[in-house]
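J.: Structure file query-v8.txt (compact mmCIF, N, CA, C and O atoms) right here:
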# COMPACT_ATOMS: atom_id res chain seq x y z
N TRP A 23 -1.85 -8.23 6.77
CA TRP A 23 -2.78 -8.40 5.68
C TRP A 23 -2.27 -7.66 4.46
O TRP A 23 -1.40 -6.81 4.56
N LEU A 24 -2.82 -7.97 3.33
CA LEU A 24 -2.30 -7.50 2.06
C LEU A 24 -3.45 -7.09 1.15
O LEU A 24 -4.37 -7.87 0.96
N ALA A 25 -3.42 -5.89 0.64
CA ALA A 25 -4.46 -5.48 -0.30
C ALA A 25 -4.31 -6.28 -1.59
O ALA A 25 -3.21 -6.63 -1.98
N ALA A 26 -5.40 -6.55 -2.24
CA ALA A 26 -5.40 -7.47 -3.37
C ALA A 26 -4.77 -6.92 -4.64
O ALA A 26 -4.39 -7.69 -5.50
N THR A 27 -4.65 -5.61 -4.79
CA THR A 27 -4.09 -5.09 -6.03
C THR A 27 -3.11 -3.96 -5.76
O THR A 27 -3.18 -3.26 -4.77
N MET A 28 -2.16 -3.83 -6.67
CA MET A 28 -1.24 -2.70 -6.69
C MET A 28 -1.36 -2.09 -8.07
O MET A 28 -0.97 -2.72 -9.04
N GLY A 29 -1.92 -0.90 -8.16
CA GLY A 29 -2.14 -0.34 -9.49
C GLY A 29 -3.09 -1.23 -10.25
O GLY A 29 -4.12 -1.62 -9.74
N ASN A 30 -2.74 -1.61 -11.46
CA ASN A 30 -3.59 -2.50 -12.25
C ASN A 30 -3.13 -3.95 -12.17
O ASN A 30 -3.68 -4.80 -12.83
N GLN A 31 -2.10 -4.23 -11.41
CA GLN A 31 -1.56 -5.57 -11.31
C GLN A 31 -1.91 -6.19 -9.98
O GLN A 31 -1.92 -5.51 -8.97
N PRO A 32 -2.18 -7.51 -9.98
CA PRO A 32 -2.33 -8.17 -8.68
C PRO A 32 -1.03 -8.01 -7.89
O PRO A 32 0.05 -8.09 -8.45
N ILE A 33 -1.13 -7.77 -6.60
CA ILE A 33 0.06 -7.53 -5.80
C ILE A 33 1.01 -8.72 -5.83
O ILE A 33 2.23 -8.55 -5.75
N GLN A 34 0.47 -9.93 -5.99
CA GLN A 34 1.35 -11.10 -6.02
C GLN A 34 2.40 -10.98 -7.13
O GLN A 34 3.50 -11.49 -6.97
N THR A 35 2.09 -10.31 -8.24
CA THR A 35 3.05 -10.19 -9.33
C THR A 35 4.16 -9.20 -9.00
O THR A 35 5.19 -9.19 -9.66
N LEU A 36 3.96 -8.35 -7.99
CA LEU A 36 4.98 -7.36 -7.63
C LEU A 36 5.79 -7.76 -6.41
O LEU A 36 6.81 -7.14 -6.12
N ILE A 37 5.35 -8.79 -5.70
CA ILE A 37 6.13 -9.28 -4.55
C ILE A 37 7.50 -9.70 -5.06
O ILE A 37 7.63 -10.41 -6.05
N GLY A 38 8.52 -9.22 -4.38
CA GLY A 38 9.89 -9.56 -4.77
C GLY A 38 10.51 -8.60 -5.77
O GLY A 38 11.70 -8.68 -6.03
N LYS A 39 9.73 -7.69 -6.31
CA LYS A 39 10.27 -6.73 -7.28
C LYS A 39 10.79 -5.49 -6.57
O LYS A 39 10.42 -5.21 -5.44
N THR A 40 11.64 -4.75 -7.24
CA THR A 40 12.16 -3.50 -6.72
C THR A 40 11.63 -2.37 -7.58
O THR A 40 11.80 -2.38 -8.80
N LEU A 41 10.98 -1.40 -6.96
CA LEU A 41 10.48 -0.22 -7.64
C LEU A 41 11.55 0.87 -7.52
O LEU A 41 12.11 1.07 -6.45
N ILE A 42 11.83 1.55 -8.62
CA ILE A 42 12.90 2.55 -8.63
C ILE A 42 12.33 3.89 -9.09
O ILE A 42 11.65 3.96 -10.11
N GLN A 43 12.64 4.94 -8.33
CA GLN A 43 12.24 6.31 -8.67
C GLN A 43 13.39 7.21 -8.27
O GLN A 43 13.59 7.46 -7.07
N GLY A 44 14.17 7.66 -9.23
CA GLY A 44 15.33 8.48 -8.92
C GLY A 44 16.29 7.72 -8.03
O GLY A 44 16.74 6.63 -8.38
N GLU A 45 16.59 8.27 -6.87
CA GLU A 45 17.51 7.63 -5.93
C GLU A 45 16.84 6.61 -5.02
O GLU A 45 17.50 5.93 -4.25
N ILE A 46 15.51 6.51 -5.11
CA ILE A 46 14.77 5.59 -4.24
C ILE A 46 14.68 4.21 -4.88
O ILE A 46 14.29 4.09 -6.04
N GLU A 47 15.07 3.21 -4.14
CA GLU A 47 14.87 1.82 -4.53
C GLU A 47 14.02 1.18 -3.45
O GLU A 47 14.43 1.08 -2.31
N PHE A 48 12.81 0.77 -3.82
CA PHE A 48 11.84 0.24 -2.87
C PHE A 48 11.59 -1.22 -3.19
O PHE A 48 11.03 -1.55 -4.21
N ARG A 49 12.02 -2.09 -2.30
CA ARG A 49 11.84 -3.53 -2.53
C ARG A 49 10.52 -3.98 -1.90
O ARG A 49 10.30 -3.78 -0.71
N VAL A 50 9.68 -4.58 -2.71
CA VAL A 50 8.42 -5.13 -2.24
C VAL A 50 8.72 -6.56 -1.80
O VAL A 50 8.50 -7.52 -2.51
N SER A 51 9.29 -6.66 -0.61
CA SER A 51 9.82 -7.95 -0.15
C SER A 51 8.71 -8.90 0.29
O SER A 51 7.73 -8.50 0.91
N GLU A 52 8.90 -10.16 -0.05
CA GLU A 52 7.94 -11.19 0.32
C GLU A 52 7.81 -11.31 1.83
O GLU A 52 6.71 -11.44 2.36
N SER A 53 8.94 -11.21 2.53
CA SER A 53 8.90 -11.39 3.99
C SER A 53 8.09 -10.29 4.68
O SER A 53 7.53 -10.50 5.75
N PHE A 54 7.99 -9.11 4.06
CA PHE A 54 7.24 -8.01 4.68
C PHE A 54 5.83 -7.88 4.12
O PHE A 54 4.88 -7.67 4.86
N TYR A 55 5.67 -7.97 2.80
CA TYR A 55 4.40 -7.67 2.17
C TYR A 55 3.50 -8.86 1.90
O TYR A 55 2.30 -8.69 1.72
N LYS A 56 4.04 -10.05 1.86
CA LYS A 56 3.18 -11.19 1.56
C LYS A 56 2.38 -11.58 2.80
O LYS A 56 2.91 -11.71 3.88
N GLY A 57 1.10 -11.74 2.62
CA GLY A 57 0.22 -12.09 3.71
C GLY A 57 -1.14 -12.45 3.17
O GLY A 57 -1.28 -12.83 2.02
N LYS A 58 -2.15 -12.28 3.98
CA LYS A 58 -3.52 -12.58 3.58
C LYS A 58 -4.01 -11.54 2.56
O LYS A 58 -3.91 -10.34 2.80
N LEU A 59 -4.53 -12.02 1.44
CA LEU A 59 -5.13 -11.12 0.46
C LEU A 59 -6.49 -10.67 0.97
O LEU A 59 -7.28 -11.47 1.46
N VAL A 60 -6.76 -9.38 0.86
CA VAL A 60 -8.04 -8.84 1.30
C VAL A 60 -8.66 -7.98 0.20
O VAL A 60 -7.96 -7.46 -0.67
N THR A 61 -9.95 -7.79 0.28
CA THR A 61 -10.65 -6.90 -0.64
C THR A 61 -10.47 -5.44 -0.16
O THR A 61 -10.02 -5.19 0.96
N LYS A 62 -10.89 -4.51 -1.00
CA LYS A 62 -10.85 -3.09 -0.62
C LYS A 62 -11.68 -2.87 0.64
O LYS A 62 -11.25 -2.19 1.57
N LYS A 63 -12.87 -3.46 0.69
CA LYS A 63 -13.75 -3.29 1.85
C LYS A 63 -13.08 -3.82 3.12
O LYS A 63 -13.12 -3.17 4.16
N GLU A 64 -12.45 -4.98 3.01
CA GLU A 64 -11.76 -5.56 4.18
C GLU A 64 -10.59 -4.68 4.60
O GLU A 64 -10.34 -4.51 5.80
N MET A 65 -9.87 -4.12 3.63
CA MET A 65 -8.75 -3.25 3.94
C MET A 65 -9.23 -2.03 4.72
O MET A 65 -8.64 -1.66 5.73
N ILE A 66 -10.32 -1.41 4.26
CA ILE A 66 -10.86 -0.22 4.94
C ILE A 66 -11.28 -0.59 6.36
O ILE A 66 -11.02 0.16 7.31
N GLU A 67 -11.92 -1.72 6.52
CA GLU A 67 -12.33 -2.16 7.87
C GLU A 67 -11.11 -2.35 8.76
O GLU A 67 -11.13 -1.97 9.93
N GLN A 68 -10.04 -2.93 8.22
CA GLN A 68 -8.81 -3.13 8.99
C GLN A 68 -8.17 -1.79 9.37
O GLN A 68 -7.68 -1.61 10.48
N LEU A 69 -8.18 -0.83 8.43
CA LEU A 69 -7.57 0.48 8.69
C LEU A 69 -8.29 1.23 9.81
O LEU A 69 -7.68 2.04 10.50
N GLN A 70 -9.56 0.97 9.99
CA GLN A 70 -10.33 1.67 11.02
C GLN A 70 -9.80 1.38 12.42
O GLN A 70 -9.93 2.23 13.30
N THR A 71 -9.20 0.23 12.62
CA THR A 71 -8.70 -0.12 13.96
C THR A 71 -7.19 -0.32 14.02
O THR A 71 -6.65 -0.57 15.09
N ALA A 72 -6.52 -0.19 12.89
CA ALA A 72 -5.07 -0.42 12.85
C ALA A 72 -4.30 0.71 13.52
O ALA A 72 -4.65 1.88 13.38
N ASP A 73 -3.24 0.36 14.24
CA ASP A 73 -2.33 1.35 14.81
C ASP A 73 -1.32 1.82 13.77
O ASP A 73 -0.79 2.92 13.87
N SER A 74 -1.04 0.95 12.80
CA SER A 74 -0.11 1.31 11.74
C SER A 74 -0.44 0.53 10.48
O SER A 74 -1.05 -0.54 10.54
N ALA A 75 -0.05 1.10 9.35
CA ALA A 75 -0.23 0.43 8.06
C ALA A 75 0.85 0.92 7.12
O ALA A 75 1.24 2.09 7.14
N ASN A 76 1.36 0.01 6.30
CA ASN A 76 2.35 0.32 5.28
C ASN A 76 1.70 -0.06 3.96
O ASN A 76 1.51 -1.24 3.68
N LEU A 77 1.31 0.94 3.18
CA LEU A 77 0.54 0.72 1.96
C LEU A 77 1.38 0.97 0.73
O LEU A 77 2.09 1.96 0.64
N ILE A 78 1.27 0.07 -0.25
CA ILE A 78 1.94 0.26 -1.53
C ILE A 78 0.95 -0.11 -2.63
O ILE A 78 0.25 -1.11 -2.54
N GLY A 79 0.83 0.75 -3.61
CA GLY A 79 -0.06 0.52 -4.75
C GLY A 79 -1.11 1.60 -4.89
O GLY A 79 -1.62 2.12 -3.91
N LYS A 80 -1.40 1.92 -6.14
CA LYS A 80 -2.32 3.01 -6.43
C LYS A 80 -3.70 2.81 -5.81
O LYS A 80 -4.26 3.71 -5.20
N LYS A 81 -4.26 1.62 -5.99
CA LYS A 81 -5.64 1.40 -5.54
C LYS A 81 -5.77 1.40 -4.03
O LYS A 81 -6.69 2.01 -3.49
N CYS A 82 -4.87 0.74 -3.32
CA CYS A 82 -5.03 0.69 -1.87
C CYS A 82 -4.71 2.03 -1.23
O CYS A 82 -5.40 2.46 -0.30
N VAL A 83 -3.72 2.75 -1.73
CA VAL A 83 -3.41 4.07 -1.18
C VAL A 83 -4.54 5.04 -1.50
O VAL A 83 -4.97 5.82 -0.65
N GLN A 84 -5.06 4.99 -2.73
CA GLN A 84 -6.17 5.87 -3.09
C GLN A 84 -7.39 5.58 -2.24
O GLN A 84 -8.10 6.50 -1.82
N ALA A 85 -7.66 4.32 -1.95
CA ALA A 85 -8.79 3.97 -1.07
C ALA A 85 -8.59 4.56 0.32
O ALA A 85 -9.54 5.08 0.92
N ALA A 86 -7.36 4.52 0.83
CA ALA A 86 -7.07 5.11 2.14
C ALA A 86 -7.27 6.62 2.11
O ALA A 86 -7.76 7.21 3.07
N ILE A 87 -6.91 7.26 1.00
CA ILE A 87 -7.14 8.70 0.84
C ILE A 87 -8.64 8.98 0.79
O ILE A 87 -9.15 9.85 1.50
N ASP A 88 -9.36 8.23 -0.03
CA ASP A 88 -10.80 8.44 -0.21
C ASP A 88 -11.58 8.28 1.09
O ASP A 88 -12.61 8.91 1.28
N HIS A 89 -11.08 7.44 1.99
CA HIS A 89 -11.77 7.20 3.25
C HIS A 89 -11.19 8.03 4.42
O HIS A 89 -11.53 7.81 5.57
N GLY A 90 -10.31 8.99 4.09
CA GLY A 90 -9.84 9.94 5.08
C GLY A 90 -8.75 9.45 6.03
O GLY A 90 -8.46 10.11 7.03
N PHE A 91 -8.10 8.34 5.71
CA PHE A 91 -7.03 7.84 6.58
C PHE A 91 -5.73 8.61 6.37
O PHE A 91 -4.92 8.73 7.29
N ILE A 92 -5.51 9.10 5.15
CA ILE A 92 -4.30 9.86 4.81
C ILE A 92 -4.68 10.95 3.81
O ILE A 92 -5.77 10.93 3.25
N LYS A 93 -3.76 11.87 3.58
CA LYS A 93 -3.94 12.91 2.58
C LYS A 93 -3.01 12.61 1.42
O LYS A 93 -1.91 12.08 1.60
N LYS A 94 -3.42 12.99 0.22
CA LYS A 94 -2.63 12.75 -0.99
C LYS A 94 -1.21 13.31 -0.84
O LYS A 94 -0.24 12.68 -1.24
N GLU A 95 -1.10 14.50 -0.22
CA GLU A 95 0.23 15.13 -0.09
C GLU A 95 1.15 14.37 0.87
O GLU A 95 2.34 14.65 0.93
N ASP A 96 0.59 13.43 1.60
CA ASP A 96 1.41 12.63 2.52
C ASP A 96 1.83 11.29 1.91
O ASP A 96 2.27 10.40 2.63
N THR A 97 1.66 11.16 0.60
CA THR A 97 2.05 9.93 -0.08
C THR A 97 3.31 10.16 -0.91
O THR A 97 3.70 11.30 -1.16
N LEU A 98 3.90 9.07 -1.33
CA LEU A 98 5.10 9.11 -2.15
C LEU A 98 4.84 8.27 -3.39
O LEU A 98 4.25 7.19 -3.29
N THR A 99 5.25 8.76 -4.56
CA THR A 99 5.14 7.97 -5.79
C THR A 99 6.50 7.35 -6.09
O THR A 99 7.51 8.05 -6.14
N ILE A 100 6.48 6.03 -6.22
CA ILE A 100 7.71 5.29 -6.54
C ILE A 100 7.41 4.43 -7.76
O ILE A 100 6.60 3.50 -7.69
N ASP A 101 8.05 4.75 -8.88
CA ASP A 101 7.89 3.95 -10.11
C ASP A 101 6.41 3.75 -10.45
O ASP A 101 5.96 2.64 -10.67
N THR A 102 5.66 4.81 -10.46
CA THR A 102 4.23 4.89 -10.76
C THR A 102 3.32 4.31 -9.68
O THR A 102 2.10 4.35 -9.81
N GLN A 103 3.85 3.78 -8.59
CA GLN A 103 3.04 3.23 -7.51
C GLN A 103 3.00 4.22 -6.34
O GLN A 103 4.01 4.85 -6.03
N LEU A 104 1.85 4.35 -5.71
CA LEU A 104 1.74 5.19 -4.52
C LEU A 104 2.15 4.40 -3.29
O LEU A 104 1.91 3.20 -3.21
N HIS A 105 2.78 5.10 -2.35
CA HIS A 105 3.21 4.48 -1.09
C HIS A 105 2.83 5.42 0.05
O HIS A 105 2.95 6.64 -0.07
N ALA A 106 2.37 4.84 1.14
CA ALA A 106 2.05 5.64 2.33
C ALA A 106 2.23 4.79 3.58
O ALA A 106 2.05 3.57 3.55
N ILE A 107 2.58 5.45 4.65
CA ILE A 107 2.67 4.81 5.96
C ILE A 107 1.72 5.56 6.88
O ILE A 107 1.73 6.78 6.94
N ILE A 108 0.91 4.80 7.60
CA ILE A 108 -0.02 5.37 8.57
C ILE A 108 0.43 4.94 9.95
O ILE A 108 0.65 3.75 10.20
N LEU A 109 0.58 5.91 10.85
CA LEU A 109 0.90 5.63 12.25
C LEU A 109 -0.06 6.40 13.13
O LEU A 109 -0.22 7.61 12.98
N ARG A 110 -0.68 5.71 14.05
CA ARG A 110 -1.55 6.38 15.02
C ARG A 110 -0.83 6.39 16.36
O ARG A 110 -0.39 5.37 16.85
N ILE A 111 -0.71 7.58 16.94
CA ILE A 111 -0.05 7.69 18.24
C ILE A 111 -0.97 8.35 19.24
O ILE A 111 -1.94 8.96 18.92
If you convert what's in this file into structure tokens, what do you get?

T.:
Amino acid sequence: WLAATMGNQPIQTLIGKTLIQGEIEFRVSESFYKGKLVTKKEMIEQLQTADSANLIGKKCVQAAIDHGFIKKEDTLTIDTQLHAIILRI
């Protein structure tokens, strides 16, 4: 599934782009990130039962922080976008 926005842009506009921050080059690849668009509420519901999540974008990562799935210090900023990976073991 795919959160509907990344920062202030619809995520569809960032699919296929490469975000660069210093030595980090992060490709928002279509084969990995393109999927079903969901609302913030749907994303939170999915995170409640997900074993893993790979989040990119200010709004979806901030929503995960706000709902206690991750901590701000466990995120990475790449070219103004927040990124986080959640793994439940």

J.: From the DSSP assignment of the backbone, select every residue of chain A that is helix (DSSP H, G or I), and format the answer as a list of chain:residue names.

T.: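 Residues meeting the helix (DSSP H, G or I) criterion: A:Ile33, A:Gln34, A:Thr35, A:Glu52, A:Ser53, A:Phe54, A:Tyr55, A:Lys62, A:Lys63, A:Glu64, A:Met65, A:Ile66, A:Glu67, A:Gln68, A:Leu69, A:Gln70, A:Thr71, A:Lys80, A:Lys81, A:Cys82, A:Val83, A:Gln84, A:Ala85, A:Ala86, A:Ile87, A:Asp88, A:Lys94, A:Glu95, A:Asp96.
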
J.: For the residues in the current selection, export N, CA, C and O atoms as a compact mmCIF listing (two decimals), in the coordinates of the input.

T.:
# COMPACT_ATOMS: atom_id res chain seq x y z
N ILE A 33 -1.13 -7.77 -6.60
CA ILE A 33 0.06 -7.53 -5.80
C ILE A 33 1.01 -8.72 -5.83
O ILE A 33 2.23 -8.55 -5.75
N GLN A 34 0.47 -9.93 -5.99
CA GLN A 34 1.35 -11.10 -6.02
C GLN A 34 2.40 -10.98 -7.13
O GLN A 34 3.50 -11.49 -6.97
N THR A 35 2.09 -10.31 -8.24
CA THR A 35 3.05 -10.19 -9.33
C THR A 35 4.16 -9.20 -9.00
O THR A 35 5.19 -9.19 -9.66
N GLU A 52 8.90 -10.16 -0.05
CA GLU A 52 7.94 -11.19 0.32
C GLU A 52 7.81 -11.31 1.83
O GLU A 52 6.71 -11.44 2.36
N SER A 53 8.94 -11.21 2.53
CA SER A 53 8.90 -11.39 3.99
C SER A 53 8.09 -10.29 4.68
O SER A 53 7.53 -10.50 5.75
N PHE A 54 7.99 -9.11 4.06
CA PHE A 54 7.24 -8.01 4.68
C PHE A 54 5.83 -7.88 4.12
O PHE A 54 4.88 -7.67 4.86
N TYR A 55 5.67 -7.97 2.80
CA TYR A 55 4.40 -7.67 2.17
C TYR A 55 3.50 -8.86 1.90
O TYR A 55 2.30 -8.69 1.72
N LYS A 62 -10.89 -4.51 -1.00
CA LYS A 62 -10.85 -3.09 -0.62
C LYS A 62 -11.68 -2.87 0.64
O LYS A 62 -11.25 -2.19 1.57
N LYS A 63 -12.87 -3.46 0.69
CA LYS A 63 -13.75 -3.29 1.85
C LYS A 63 -13.08 -3.82 3.12
O LYS A 63 -13.12 -3.17 4.16
N GLU A 64 -12.45 -4.98 3.01
CA GLU A 64 -11.76 -5.56 4.18
C GLU A 64 -10.59 -4.68 4.60
O GLU A 64 -10.34 -4.51 5.80
N MET A 65 -9.87 -4.12 3.63
CA MET A 65 -8.75 -3.25 3.94
C MET A 65 -9.23 -2.03 4.72
O MET A 65 -8.64 -1.66 5.73
N ILE A 66 -10.32 -1.41 4.26
CA ILE A 66 -10.86 -0.22 4.94
C ILE A 66 -11.28 -0.59 6.36
O ILE A 66 -11.02 0.16 7.31
N GLU A 67 -11.92 -1.72 6.52
CA GLU A 67 -12.33 -2.16 7.87
C GLU A 67 -11.11 -2.35 8.76
O GLU A 67 -11.13 -1.97 9.93
N GLN A 68 -10.04 -2.93 8.22
CA GLN A 68 -8.81 -3.13 8.99
C GLN A 68 -8.17 -1.79 9.37
O GLN A 68 -7.68 -1.61 10.48
N LEU A 69 -8.18 -0.83 8.43
CA LEU A 69 -7.57 0.48 8.69
C LEU A 69 -8.29 1.23 9.81
O LEU A 69 -7.68 2.04 10.50
N GLN A 70 -9.56 0.97 9.99
CA GLN A 70 -10.33 1.67 11.02
C GLN A 70 -9.80 1.38 12.42
O GLN A 70 -9.93 2.23 13.30
N THR A 71 -9.20 0.23 12.62
CA THR A 71 -8.70 -0.12 13.96
C THR A 71 -7.19 -0.32 14.02
O THR A 71 -6.65 -0.57 15.09
N LYS A 80 -1.40 1.92 -6.14
CA LYS A 80 -2.32 3.01 -6.43
C LYS A 80 -3.70 2.81 -5.81
O LYS A 80 -4.26 3.71 -5.20
N LYS A 81 -4.26 1.62 -5.99
CA LYS A 81 -5.64 1.40 -5.54
C LYS A 81 -5.77 1.40 -4.03
O LYS A 81 -6.69 2.01 -3.49
N CYS A 82 -4.87 0.74 -3.32
CA CYS A 82 -5.03 0.69 -1.87
C CYS A 82 -4.71 2.03 -1.23
O CYS A 82 -5.40 2.46 -0.30
N VAL A 83 -3.72 2.75 -1.73
CA VAL A 83 -3.41 4.07 -1.18
C VAL A 83 -4.54 5.04 -1.50
O VAL A 83 -4.97 5.82 -0.65
N GLN A 84 -5.06 4.99 -2.73
CA GLN A 84 -6.17 5.87 -3.09
C GLN A 84 -7.39 5.58 -2.24
O GLN A 84 -8.10 6.50 -1.82
N ALA A 85 -7.66 4.32 -1.95
CA ALA A 85 -8.79 3.97 -1.07
C ALA A 85 -8.59 4.56 0.32
O ALA A 85 -9.54 5.08 0.92
N ALA A 86 -7.36 4.52 0.83
CA ALA A 86 -7.07 5.11 2.14
C ALA A 86 -7.27 6.62 2.11
O ALA A 86 -7.76 7.21 3.07
N ILE A 87 -6.91 7.26 1.00
CA ILE A 87 -7.14 8.70 0.84
C ILE A 87 -8.64 8.98 0.79
O ILE A 87 -9.15 9.85 1.50
N ASP A 88 -9.36 8.23 -0.03
CA ASP A 88 -10.80 8.44 -0.21
C ASP A 88 -11.58 8.28 1.09
O ASP A 88 -12.61 8.91 1.28
N LYS A 94 -3.42 12.99 0.22
CA LYS A 94 -2.63 12.75 -0.99
C LYS A 94 -1.21 13.31 -0.84
O LYS A 94 -0.24 12.68 -1.24
N GLU A 95 -1.10 14.50 -0.22
CA GLU A 95 0.23 15.13 -0.09
C GLU A 95 1.15 14.37 0.87
O GLU A 95 2.34 14.65 0.93
N ASP A 96 0.59 13.43 1.60
CA ASP A 96 1.41 12.63 2.52
C ASP A 96 1.83 11.29 1.91
O ASP A 96 2.27 10.40 2.63

J.: Rounded to one decimal in Å, what is the spacing between atom O of Asp73 (chain A) and CA of Ile108 (chain A)?

T.: 5.9 Å

J.: Return as number ranges by chain the full set of residues in region 29-63 of chain A whose backbone-based DSSP assignment is strand (DSSP E).

T.: A: 31-32, 40-43, 46-49, 59-60

J.: Find the distance between CA of Ala75 (chain A) and CA of Leu109 (chain A) and write it in Å to one decimal.

T.: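 A separation of 6.8 Å between them.
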
J.: Determine the axis-aligned bounding box of all atoms of region 65-84 of chain A present in the file, pad each side by 4 Å, and express its centre and edge lengths in Å to one decimal place as JSON.

T.:
{"center_x": -5.0, "center_y": 1.2, "center_z": 4.3, "size_x": 22.7, "size_y": 18.6, "size_z": 29.5}

J.: Pick from A:Ile92, A:Ile100, A:Met65, A:Leu59: nearest to Ile78 (chain A), with only C-alpha atoms counted?

T.: A:Ile100
